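K.L.:
Below is one structure. I have some questions about it.
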Amino acid sequence: MTTHDRNEGAEHGDGERVVVRDRRRIDPVTGEVRSPAEQSAGAAPEAPEQPVEQAVGPDSVAAAELAAQVAERTADLQRVSAEYANYRRRVDRDRESVLVGARVQFVSELLTVLDDIDRAEAHGDLTGPFKSVADKLVAVTQKLGLEPFGLEGEPFDPSVHEAVQHEASTVEGPTVTVVSAVLRRGYRIADRVLRPAMVTVADRADDGTTTEPATDTTTTDPDPAVEP
């Protein structure tokens, strides 16, 4: 079957039509060299490439939603953790305040007994079994945080000292008011002053040697029978 027969059959629907393209570089009629445009004149134009758009599938949407939920849950967890930490600090602070208040209330009832012990010691009457009991009582109050204060020679501080007598100075120049005698010791627990120290004060020349108010660190050795 020739090419002509096949073309005729294709025109009548009997078969596939055959297309013949002349790709010779030399024109057989004129003998001239053909240009590339003439060589491809018979070729079917290729379809331009279409931009491919990336399709957003259901997996991408689900991943974005999951990331948003994770971020939201993380923020909620951080907020709850901060609130719980603040609650713990507040509870601890309130608990410590309640404990200190209980100690203050209990020890305040023993201050008059401690005053009697101090007077007995000053008069030399703190001896024998009475001294043993007194030492145990003082050890208990110290374990509860009771601290005595008030020393002779320290600067007068109206926030912790109660002056009942004031001796004016006769010297010229700058003076400073100091504690000249302690009539009754003061006591405190932590930062709470249970009772100010009752003192007499006097004006003395300020020679720069006056120190800051000091805490009475005089302690009584606890009895071994008292548990720490």
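Chain identifiers are assigned as A, B, and so on, following the order in which chains appear in the structure tokens; residues are numbered from 1 within each chain, and ligands are numbered from 1 in order of appearance.
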Need to verify the contact set: Arg192 of chain A, 10 Å, only C-alpha atoms, exclusion of same-chain residues closer than 3 positions in sequence. Can you return it as a ChimeraX atom specification?

P.N.:
/A:100-101,104,146,187-189,195

K.L.:
How would you write, as a ChimeraX atom specification, the set of residues in segment 134-214 of chain A that DSSP gives as alpha helix (DSSP H)?

P.N.:
/A:134-143

K.L.:
Set the distance at 8 Å and use only C-alpha atoms: which residues neighbour Ala181 of chain A once local chain neighbours fewer than 2 positions away are removed? I'd like the list as a VMD selection string.

P.N.:
chain A and resid 151 to 152 179 183 199 to 201

K.L.:
Convert the current residue selection to file output with all heavy atoms, as a short mmCIF file (atom, residue, chain, number, x, y, z; two decimals), in the first residue's frame.

P.N.:
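Writing done, so here's out_35.cif:
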data_model
loop_
_atom_site.label_atom_id
_atom_site.label_comp_id
_atom_site.auth_asym_id
_atom_site.auth_seq_id
_atom_site.Cartn_x
_atom_site.Cartn_y
_atom_site.Cartn_z
N LEU A 151 20.94 47.06 124.89
CA LEU A 151 22.26 47.05 125.53
C LEU A 151 22.66 48.47 125.88
O LEU A 151 22.30 49.43 125.18
CB LEU A 151 23.32 46.46 124.58
CG LEU A 151 23.17 44.98 124.22
CD1 LEU A 151 24.21 44.61 123.18
CD2 LEU A 151 23.31 44.10 125.45
N GLU A 152 23.40 48.62 126.95
CA GLU A 152 23.89 49.94 127.35
C GLU A 152 24.93 50.43 126.34
O GLU A 152 25.76 49.66 125.86
CB GLU A 152 24.52 49.88 128.74
CG GLU A 152 23.53 49.55 129.85
CD GLU A 152 24.20 49.55 131.21
OE1 GLU A 152 25.40 49.91 131.27
OE2 GLU A 152 23.54 49.20 132.21
N VAL A 179 21.77 54.80 124.94
CA VAL A 179 21.14 54.12 126.08
C VAL A 179 22.14 54.12 127.23
O VAL A 179 23.26 53.60 127.11
CB VAL A 179 20.74 52.69 125.69
CG1 VAL A 179 20.19 51.94 126.91
CG2 VAL A 179 19.71 52.70 124.56
N LEU A 183 16.38 49.15 131.87
CA LEU A 183 15.52 48.81 133.00
C LEU A 183 14.73 47.53 132.74
O LEU A 183 14.39 46.80 133.69
CB LEU A 183 14.56 49.96 133.28
CG LEU A 183 15.21 51.33 133.52
CD1 LEU A 183 14.15 52.38 133.79
CD2 LEU A 183 16.22 51.26 134.66
N VAL A 199 14.34 51.86 128.79
CA VAL A 199 15.71 52.32 129.02
C VAL A 199 15.70 53.76 129.51
O VAL A 199 14.69 54.47 129.45
CB VAL A 199 16.53 52.22 127.72
CG1 VAL A 199 16.63 50.79 127.22
CG2 VAL A 199 15.94 53.12 126.63
N THR A 200 16.87 54.17 130.03
CA THR A 200 17.16 55.58 130.26
C THR A 200 18.22 56.00 129.25
O THR A 200 19.10 55.19 128.88
CB THR A 200 17.67 55.82 131.69
OG1 THR A 200 18.90 55.09 131.87
CG2 THR A 200 16.65 55.36 132.71
N VAL A 201 18.14 57.23 128.79
CA VAL A 201 19.04 57.69 127.73
C VAL A 201 19.79 58.93 128.21
O VAL A 201 19.35 59.62 129.15
CB VAL A 201 18.27 58.00 126.43
CG1 VAL A 201 17.62 56.74 125.89
CG2 VAL A 201 17.21 59.06 126.67
#

K.L.:
Could you list, as a short mmCIF file (atom, residue, chain, number, x, y, z; two decimals) with all heavy atoms, in the first residue's frame, every residue within 8 Å of Pro174 of chain A, counting only C-alpha atoms and ignoring same-chain residues fewer than 2 positions away?

P.N.:
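Generated file (result.cif):
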data_model
loop_
_atom_site.label_atom_id
_atom_site.label_comp_id
_atom_site.auth_asym_id
_atom_site.auth_seq_id
_atom_site.Cartn_x
_atom_site.Cartn_y
_atom_site.Cartn_z
N GLU A 172 29.84 70.87 124.97
CA GLU A 172 29.54 71.66 123.79
C GLU A 172 29.84 70.85 122.53
O GLU A 172 30.66 69.94 122.54
CB GLU A 172 30.37 72.95 123.80
CG GLU A 172 30.06 73.88 124.97
CD GLU A 172 30.89 75.14 124.92
OE1 GLU A 172 31.73 75.26 123.99
OE2 GLU A 172 30.70 76.01 125.79
N VAL A 176 25.10 62.88 120.69
CA VAL A 176 24.31 61.75 120.25
C VAL A 176 23.64 61.14 121.46
O VAL A 176 24.21 61.11 122.55
CB VAL A 176 25.19 60.70 119.52
CG1 VAL A 176 26.25 60.15 120.45
CG2 VAL A 176 24.34 59.57 118.95
N ALA A 205 28.83 63.38 123.86
CA ALA A 205 29.53 64.01 122.74
C ALA A 205 29.70 63.00 121.62
O ALA A 205 30.05 61.83 121.85
CB ALA A 205 30.89 64.52 123.21
N ASP A 206 29.44 63.46 120.41
CA ASP A 206 29.54 62.59 119.25
C ASP A 206 31.00 62.56 118.79
O ASP A 206 31.48 63.48 118.10
CB ASP A 206 28.63 63.11 118.13
CG ASP A 206 28.56 62.14 116.96
OD1 ASP A 206 29.15 61.05 117.06
OD2 ASP A 206 27.92 62.48 115.94
#

K.L.:
Which neighbours of segment 117-119 of chain A fall inside 7 Å, counting only C-alpha atoms, when residues of the same chain fewer than 4 positions from it are skipped, and could you give them as a list in words?

P.N.:
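The residues satisfying every condition are Val113, His123 and Ala134 of chain A.
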
K.L.:
Would you mind telling me which residue in A:Asp207, A:His166, A:Ser159, A:Ala190 lies nearest to Glu96 of chain A when using only C-alpha atoms?

P.N.:
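Smallest separation from Glu96 of chain A among the options: A:Ala190.
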
K.L.:
Need to verify the contact set: Arg204 of chain A, 7 Å, only C-alpha atoms, exclusion of same-chain residues closer than 4 positions in sequence. Can you return it as number ranges by chain?

P.N.:
A: 169, 175-177

K.L.:
Quick one: distance from atom CA of Ser132 of chain A to atom CA of Asp191 of chain A in Å, one decimal?

P.N.:
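These two atoms are separated by 29.6 Å.
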
K.L.:
Between atom CA of Glu121 of chain A and atom CA of Ala202 of chain A, what distance in Å does the model show, to one decimal?

P.N.:
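Between these atoms lies a distance of 26.1 Å.
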
K.L.:
With only C-alpha atoms as the basis for distance, which of A:Asp92, A:Glu109, A:Asp115, A:Asp125 is at the shortest distance from Gly186 of chain A?

P.N.:
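The closest residue to Gly186 of chain A is A:Asp115.
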
K.L.:
Of the candidates A:Ala197, A:Val138, A:Ala64, A:Leu144, which one gets nearest to Glu162 of chain A if we count only C-alpha atoms?

P.N.:
A:Ala197

K.L.:
Can you work out the spacing between atom CA of Glu83 of chain A and atom CA of Leu66 of chain A in Å, to one decimal?

P.N.:
25.8 Å
